[in-house]
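J.: Just one file: input34.cif, with mmCIF, C-alpha atoms.
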```cif
data_work
loop_
_atom_site.label_atom_id
_atom_site.label_comp_id
_atom_site.auth_asym_id
_atom_site.auth_seq_id
_atom_site.Cartn_x
_atom_site.Cartn_y
_atom_site.Cartn_z
CA MET Q 1 -0.50 -0.90 15.35
CA GLN Q 2 0.62 -1.93 11.89
CA ILE Q 3 -1.76 -2.04 8.94
CA LYS Q 4 -1.22 -4.94 6.55
CA CYS Q 5 -1.49 -4.10 2.88
CA VAL Q 6 -1.32 -5.83 -0.49
CA ILE Q 7 -0.33 -4.06 -3.72
CA ILE Q 8 -1.77 -5.29 -7.02
CA ASP Q 9 -0.45 -3.91 -10.31
CA ASP Q 10 0.57 -5.60 -13.56
CA GLU Q 11 3.66 -3.40 -13.97
CA PRO Q 12 6.61 -4.48 -11.77
CA HIS Q 13 8.12 -0.99 -11.57
CA ASN Q 14 4.82 0.36 -10.23
CA LEU Q 15 4.76 -2.32 -7.54
CA GLU Q 16 8.28 -1.53 -6.40
CA ASN Q 17 7.76 2.23 -6.58
CA LEU Q 18 4.64 2.17 -4.40
CA LYS Q 19 6.27 -0.19 -1.93
CA ARG Q 20 9.27 2.16 -1.68
CA LEU Q 21 7.02 5.20 -1.15
CA LEU Q 22 5.14 3.39 1.62
CA ILE Q 23 8.35 2.38 3.38
CA LEU Q 24 9.71 5.92 3.25
CA ASN Q 25 6.52 7.84 4.08
CA CYS Q 26 4.04 5.53 5.83
CA PRO Q 27 5.81 3.60 8.61
CA ASN Q 28 2.54 2.15 9.96
CA ILE Q 29 1.90 0.30 6.69
CA THR Q 30 3.41 -3.17 6.22
CA VAL Q 31 3.42 -4.59 2.69
CA VAL Q 32 2.67 -8.31 3.10
CA GLY Q 33 2.47 -9.12 -0.60
CA MET Q 34 2.54 -7.84 -4.15
CA GLY Q 35 0.60 -9.28 -7.08
CA ALA Q 36 1.41 -8.71 -10.74
CA SER Q 37 -2.09 -9.67 -11.93
CA ALA Q 38 -5.65 -9.75 -10.67
CA LYS Q 39 -5.37 -13.52 -10.22
CA GLU Q 40 -2.22 -13.19 -8.10
CA GLY Q 41 -3.82 -10.36 -6.17
CA LYS Q 42 -6.91 -12.41 -5.37
CA THR Q 43 -4.74 -15.26 -4.06
CA LEU Q 44 -2.80 -12.83 -1.86
CA ILE Q 45 -5.99 -11.30 -0.46
CA LEU Q 46 -7.36 -14.72 0.47
CA SER Q 47 -4.09 -15.88 2.07
CA GLU Q 48 -2.94 -12.68 3.81
CA ALA Q 49 -6.28 -11.12 4.89
CA PRO Q 50 -4.96 -7.56 4.47
CA ASP Q 51 -6.45 -4.46 6.06
CA LEU Q 52 -5.78 -2.47 2.89
CA VAL Q 53 -5.40 -3.17 -0.83
CA PHE Q 54 -3.79 -0.80 -3.32
CA LEU Q 55 -5.46 -1.92 -6.53
CA ASP Q 56 -4.54 -1.03 -10.09
CA ILE Q 57 -7.62 -0.79 -12.28
CA GLU Q 58 -6.40 -1.42 -15.81
CA MET Q 59 -4.87 -4.92 -15.96
CA PRO Q 60 -4.94 -7.58 -18.71
CA LYS Q 61 -7.39 -10.54 -18.58
CA MET Q 62 -9.13 -9.24 -15.45
CA ASN Q 63 -9.23 -5.62 -14.28
CA GLY Q 64 -9.44 -4.42 -10.70
CA PHE Q 65 -13.21 -4.03 -10.68
CA ALA Q 66 -13.75 -7.57 -11.99
CA MET Q 67 -11.37 -8.98 -9.39
CA LEU Q 68 -13.34 -7.35 -6.57
CA GLU Q 69 -16.59 -8.72 -8.00
CA SER Q 70 -15.08 -12.23 -7.98
CA LEU Q 71 -14.50 -12.13 -4.22
CA ASP Q 72 -17.12 -13.56 -1.86
CA LYS Q 73 -16.56 -10.65 0.51
CA VAL Q 74 -14.58 -7.44 0.58
CA ASP Q 75 -13.60 -6.92 4.22
CA PHE Q 76 -10.64 -4.62 3.60
CA GLN Q 77 -10.12 -0.99 2.63
CA ILE Q 78 -9.43 -0.20 -1.03
CA ILE Q 79 -7.33 2.54 -2.59
CA PHE Q 80 -7.52 2.38 -6.37
CA VAL Q 81 -4.43 3.34 -8.33
CA THR Q 82 -4.91 4.38 -11.95
CA ALA Q 83 -3.32 6.31 -14.76
CA TYR Q 84 -6.69 6.89 -16.42
CA SER Q 85 -9.00 9.63 -15.17
CA LYS Q 86 -11.96 7.94 -16.90
CA TYR Q 87 -11.98 5.35 -14.11
CA VAL Q 88 -12.14 7.82 -11.24
CA LEU Q 89 -15.94 8.13 -11.14
CA LYS Q 90 -16.40 4.36 -11.22
CA ALA Q 91 -13.78 3.97 -8.49
CA ILE Q 92 -15.72 6.37 -6.29
CA LYS Q 93 -18.98 4.54 -7.00
CA SER Q 94 -17.29 1.26 -6.09
CA CYS Q 95 -17.00 2.51 -2.51
CA ALA Q 96 -13.24 2.77 -2.61
CA LEU Q 97 -11.84 4.69 0.31
CA ASP Q 98 -9.73 6.78 -2.05
CA TYR Q 99 -7.96 6.73 -5.39
CA LEU Q 100 -4.48 7.74 -6.52
CA MET Q 101 -3.50 8.93 -9.96
CA LYS Q 102 -0.22 7.76 -11.46
CA PRO Q 103 2.43 8.99 -11.05
CA ILE Q 104 1.68 8.91 -7.33
CA ALA Q 105 2.16 12.16 -5.40
CA ILE Q 106 3.54 11.67 -1.90
CA ASP Q 107 1.09 14.09 -0.25
CA GLU Q 108 -1.87 12.33 -1.85
CA LEU Q 109 -0.51 8.95 -0.75
CA THR Q 110 -0.01 10.02 2.88
CA SER Q 111 -3.45 11.62 2.93
CA ALA Q 112 -5.10 8.42 1.67
CA VAL Q 113 -3.15 6.31 4.17
CA ALA Q 114 -4.21 8.62 7.00
CA LYS Q 115 -7.87 7.94 6.12
CA VAL Q 116 -7.21 4.21 6.16
CA THR Q 117 -5.44 4.44 9.50
CA ASP Q 118 -8.37 6.18 11.16
CA ILE Q 119 -10.87 3.66 9.81
CA VAL Q 120 -8.85 0.51 10.54
CA TYR Q 121 -7.93 1.62 14.06
CA SER Q 122 -11.58 2.47 14.71
CA GLN Q 123 -12.64 -0.97 13.47
CA LYS Q 124 -10.11 -2.68 15.75
CA GLU Q 125 -11.39 -0.74 18.75
CA ASN Q 126 -14.95 -1.64 17.80
CA GLU Q 127 -13.94 -5.30 17.68
CA LYS Q 128 -12.52 -5.02 21.20
CA LEU Q 129 -15.70 -3.34 22.43
CA LYS Q 130 -17.88 -5.97 20.76
CA MET Q 131 -15.88 -8.71 22.48
CA LEU Q 132 -16.27 -6.99 25.84
CA VAL Q 133 -20.05 -6.76 25.37
CA GLU Q 134 -20.22 -10.43 24.38
CA ASN Q 135 -18.25 -11.36 27.50
CA LEU Q 136 -20.61 -9.39 29.72
CA ARG Q 137 -23.67 -11.00 28.11
CA SER Q 138 -22.30 -14.54 28.10
CA VAL Q 139 -21.52 -15.14 31.75
CA ASN Q 140 -21.51 -18.93 31.42
CA ALA Q 141 -19.79 -19.08 28.05
CA PRO Q 142 -16.00 -19.34 27.65
CA GLN Q 143 -14.84 -15.75 27.81
CA LYS Q 144 -12.35 -14.28 25.39
CA ILE Q 145 -9.80 -11.52 25.56
CA ALA Q 146 -8.30 -9.48 22.74
CA LEU Q 147 -4.53 -9.81 22.32
CA PRO Q 148 -3.17 -7.04 20.07
CA THR Q 149 0.12 -7.63 18.27
CA ALA Q 150 1.87 -5.32 15.82
CA GLU Q 151 0.08 -6.93 12.89
CA GLN Q 152 -3.10 -8.58 14.17
CA LEU Q 153 -5.75 -8.62 16.88
CA PHE Q 154 -6.19 -12.15 18.25
CA PHE Q 155 -9.33 -13.16 20.15
CA VAL Q 156 -8.41 -15.93 22.57
CA ALA Q 157 -10.60 -17.90 24.96
CA VAL Q 158 -9.36 -17.40 28.52
CA ASP Q 159 -9.64 -21.16 29.10
CA ASP Q 160 -7.14 -21.74 26.27
CA ILE Q 161 -4.38 -19.72 27.96
CA VAL Q 162 -1.89 -22.11 29.58
CA ARG Q 163 0.48 -19.53 31.02
CA CYS Q 164 1.91 -16.05 30.54
CA LYS Q 165 5.52 -14.93 30.84
CA GLY Q 166 6.49 -11.30 31.34
CA GLU Q 167 9.35 -9.94 29.24
CA ASN Q 168 9.96 -6.30 30.25
CA ASN Q 169 7.07 -4.32 28.72
CA TYR Q 170 5.79 -7.34 26.81
CA THR Q 171 3.97 -10.54 27.73
CA MET Q 172 4.22 -13.89 25.96
CA PHE Q 173 0.98 -15.90 25.97
CA TYR Q 174 1.36 -19.67 25.68
CA LEU Q 175 -1.83 -21.34 24.42
CA ALA Q 176 -3.34 -24.82 24.60
CA ASP Q 177 -2.77 -25.41 20.87
CA GLU Q 178 0.97 -24.96 21.53
CA THR Q 179 1.13 -21.59 19.78
CA SER Q 180 2.36 -18.41 21.45
CA ILE Q 181 1.54 -14.72 21.05
CA LEU Q 182 3.79 -11.82 22.08
CA VAL Q 183 1.72 -8.86 23.24
CA SER Q 184 2.62 -5.33 24.29
CA ARG Q 185 1.75 -4.49 27.94
CA THR Q 186 3.26 -5.76 31.15
CA LEU Q 187 2.41 -9.00 32.92
CA LYS Q 188 0.96 -6.99 35.81
CA GLU Q 189 -1.67 -5.48 33.51
CA TRP Q 190 -2.69 -8.90 32.20
CA ASP Q 191 -2.70 -10.29 35.74
CA ASN Q 192 -5.22 -7.61 36.70
CA LEU Q 193 -7.30 -8.29 33.59
CA LEU Q 194 -7.41 -12.04 34.26
CA ALA Q 195 -8.26 -11.63 37.96
CA GLY Q 196 -11.27 -13.74 38.83
CA HIS Q 197 -10.21 -16.52 36.48
CA ALA Q 198 -8.14 -19.56 37.43
CA PHE Q 199 -4.74 -17.86 37.22
CA ILE Q 200 -1.99 -17.84 39.81
CA ARG Q 201 0.91 -15.36 39.88
CA THR Q 202 3.81 -17.63 40.85
CA HIS Q 203 6.62 -15.22 40.15
CA GLN Q 204 7.23 -11.65 39.06
CA SER Q 205 7.55 -12.99 35.51
CA HIS Q 206 5.05 -15.86 35.52
CA LEU Q 207 1.27 -16.31 35.54
CA VAL Q 208 -0.20 -19.82 35.20
CA ASN Q 209 -3.64 -21.26 34.56
CA LYS Q 210 -4.25 -23.77 37.39
CA ASN Q 211 -6.21 -26.00 35.01
CA TYR Q 212 -2.97 -26.79 33.18
CA VAL Q 213 -0.83 -27.42 36.28
CA LYS Q 214 0.37 -31.04 36.48
CA SER Q 215 2.36 -30.93 39.71
CA TYR Q 216 4.50 -28.93 42.11
CA VAL Q 217 8.10 -30.14 42.20
CA LYS Q 218 9.89 -29.49 45.48
CA LYS Q 219 13.50 -29.88 44.30
CA ASP Q 220 15.64 -27.10 42.83
CA GLY Q 221 13.95 -24.53 45.05
CA GLY Q 222 10.49 -25.53 43.87
CA TYR Q 223 8.79 -25.10 40.51
CA ILE Q 224 5.52 -25.91 38.76
CA LEU Q 225 5.40 -28.55 36.05
CA MET Q 226 2.72 -27.79 33.48
CA LYS Q 227 0.79 -30.39 31.48
CA ASP Q 228 2.60 -29.29 28.31
CA GLY Q 229 5.93 -30.17 29.96
CA SER Q 230 7.06 -26.61 30.62
CA LYS Q 231 8.54 -25.62 33.97
CA VAL Q 232 7.51 -22.41 35.72
CA ASN Q 233 9.50 -20.79 38.50
CA VAL Q 234 7.96 -20.08 41.88
CA SER Q 235 9.56 -17.23 43.82
CA LYS Q 236 10.28 -17.60 47.54
CA GLN Q 237 7.94 -14.69 48.28
CA ARG Q 238 5.05 -16.36 46.42
CA LYS Q 239 5.72 -20.02 47.32
CA GLU Q 240 3.30 -20.31 50.26
CA GLN Q 241 0.54 -18.38 48.53
CA THR Q 242 1.00 -20.43 45.33
CA LEU Q 243 0.77 -23.75 47.18
CA ASN Q 244 -2.31 -22.60 49.10
CA LEU Q 245 -4.03 -21.51 45.89
CA LEU Q 246 -3.15 -24.76 44.12
CA VAL Q 247 -4.61 -26.81 46.96
CA SER Q 248 -7.72 -24.65 47.32
CA LEU Q 249 -8.42 -24.48 43.60
CA LYS Q 250 -8.05 -28.20 42.92
#
```
Would you mind writing the file out in structure tokens?
T.:
Amino acid sequence: MQIKCVIIDDEPHNLENLKRLLILNCPNITVVGMGASAKEGKTLILSEAPDLVFLDIEMPKMNGFAMLESLDKVDFQIIFVTAYSKYVLKAIKSCALDYLMKPIAIDELTSAVAKVTDIVYSQKENEKLKMLVENLRSVNAPQKIALPTAEQLFFVAVDDIVRCKGENNYTMFYLADETSILVSRTLKEWDNLLAGHAFIRTHQSHLVNKNYVKSYVKKDGGYILMKDGSKVNVSKQRKEQTLNLLVSLK
């Protein structure tokens, strides 16, 4: 699982240096943006929703502390970066996860990133558990499942899943809003997870939501036409079972 981060520093060489160190030493960190001022940094935070922010403290017009105070919420981890030891105590009091002194030492960087990794991964697992509990409590409500990608954890209502297509060890989810999400794990695993819902396994590589099935087309060996216009193969081995399920579920 990748951790998205934003780097905020008013000195361009510091931005590039930290980005380079992260690429070389912290492969689970993805830099999604760099801001050369507190204003730019705030815009990046609001647009990218990072898991982690490397924040320089001493910047013109607005320093790092003031930028944080200007945000409505701080729902990301913070590692302060400073060349001034006088800010260290305030950084600690500001509930930063860690701080780095310039010039940045690689061992201190990797240690700080390791702390972030543990916390972020734990939060993601807690989000999955919370969703499971909500599903168990809300029997009559539209249930959701968590779809983890390399960069994000999507919570999707089961009723919004049109179909799934297996691609080796990955599964592509096609949703009612015409977006798609590629998720690690085989189609078989998702088939098991979605058992009990209105899904039909039509093929080794295809799983469809019967609520989005428009028709069964007999020509060309037989296939399912979905309401979004997509065509889904039906294997010979699953043809009879698929037709029976379509008739019984309608």
J.: Check which residues satisfy the PyMOL selection byres ((chain Q and resi 36) around 8) in the file shown, then give them as a ChimeraX atom specification.
T.: /Q:8-12,15,34-35,37-38,40-41
J.: How far is it from CA of Leu100 in chain Q to CA of Leu52 in chain Q, in Å with one decimal?
T.: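 Between CA of Leu100 in chain Q and CA of Leu52 in chain Q the gap is 13.9 Å.
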J.: Give me the result of the PyMOL selection byres ((chain Q and resi 203) around 8) on this file, residue by residue, as number ranges by chain.
T.: Q: 201-202, 204-207, 233-235, 238
J.: What residues come out when you apply the PyMOL selection byres ((chain Q and resi 188-193) around 12) to this file, written as a ChimeraX atom specification?
T.: /Q:132,144-147,158,161,163-173,183-187,194-209
J.: For Arg20 in chain Q, which of Q:Ile78, Q:Ile7, Q:Val247, Q:Leu97 is the closest residue, counting all atoms listed in the file?
T.: Q:Ile7
J.: For CA of Asp159 in chain Q and CA of Lys210 in chain Q, quote the distance in Å rounded to one decimal.
T.: 10.2 Å
J.: For a quick check of understanding, using all atoms listed in the file, which of Q:Glu16, Q:Asp107, Q:Glu151, Q:Glu69 has the smallest distance to Asn28 in chain Q?
T.: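 For Asn28 in chain Q, the nearest of the given residues is Q:Glu151.
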J.: Find the residue from Q:Leu245, Q:Ala49, Q:Cys26, Q:Cys5 that sits nearest to Tyr216 in chain Q; use all atoms listed in the file when measuring.
T.: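 Residue with the minimum atom-to-atom distance to Tyr216 in chain Q: Q:Leu245.
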J.: Determine, counting only C-alpha atoms, which protein, DNA and RNA residues have an atom within 12 Å of an atom of Val53 in chain Q; residues of the same chain fewer than 5 positions away are not included. Present the result as JSON, numbers by chain.
T.: {"Q": [3, 4, 5, 6, 7, 8, 9, 18, 29, 30, 31, 32, 33, 34, 35, 38, 41, 42, 44, 45, 46, 48, 64, 67, 68, 74, 75, 76, 77, 78, 79, 80, 81, 96, 97, 98, 99, 112, 113, 116]}
J.: Find, counting all atoms listed in the file, the residue in Q:Thr43, Q:Leu22, Q:Thr242, Q:Asp177 that gets nearest to Ser111 in chain Q.
T.: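 Smallest separation from Ser111 in chain Q among the options: Q:Leu22.
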J.: Quote the spacing between CA of Thr179 in chain Q and CA of Lys239 in chain Q in Å to one decimal place.
T.: 28.0 Å
J.: Need the shell around Pro103 in chain Q: protein/DNA/RNA residues with any atom at most 12 Å away, counting all atoms listed in the file. Skip same-chain ones fewer than 5 positions apart. Format as a PyMOL selection string?
T.: chain Q and resi 13-14+17-18+21+81-84+108-109
J.: The selected residues should be written to file as a PDB file, keeping the file's coordinate frame (atoms: C-alpha atoms).
T.:
```
ATOM      1  CA  HIS Q  13       8.120  -0.990 -11.570  1.00  0.00           C
ATOM      2  CA  ASN Q  14       4.820   0.360 -10.230  1.00  0.00           C
ATOM      3  CA  ASN Q  17       7.760   2.230  -6.580  1.00  0.00           C
ATOM      4  CA  LEU Q  18       4.640   2.170  -4.400  1.00  0.00           C
ATOM      5  CA  LEU Q  21       7.020   5.200  -1.150  1.00  0.00           C
ATOM      6  CA  VAL Q  81      -4.430   3.340  -8.330  1.00  0.00           C
ATOM      7  CA  THR Q  82      -4.910   4.380 -11.950  1.00  0.00           C
ATOM      8  CA  ALA Q  83      -3.320   6.310 -14.760  1.00  0.00           C
ATOM      9  CA  TYR Q  84      -6.690   6.890 -16.420  1.00  0.00           C
ATOM     10  CA  GLU Q 108      -1.870  12.330  -1.850  1.00  0.00           C
ATOM     11  CA  LEU Q 109      -0.510   8.950  -0.750  1.00  0.00           C
TER      12      LEU Q 109
END
```
J.: Return as JSON the box centre and box size in Å, one decimal, for an axis-aligned box around all listed atoms of range 62-69 of chain Q padded by 5 Å per side.
T.:
```
{"center_x": -12.9, "center_y": -6.6, "center_z": -11.0, "size_x": 17.5, "size_y": 15.2, "size_z": 18.9}
```
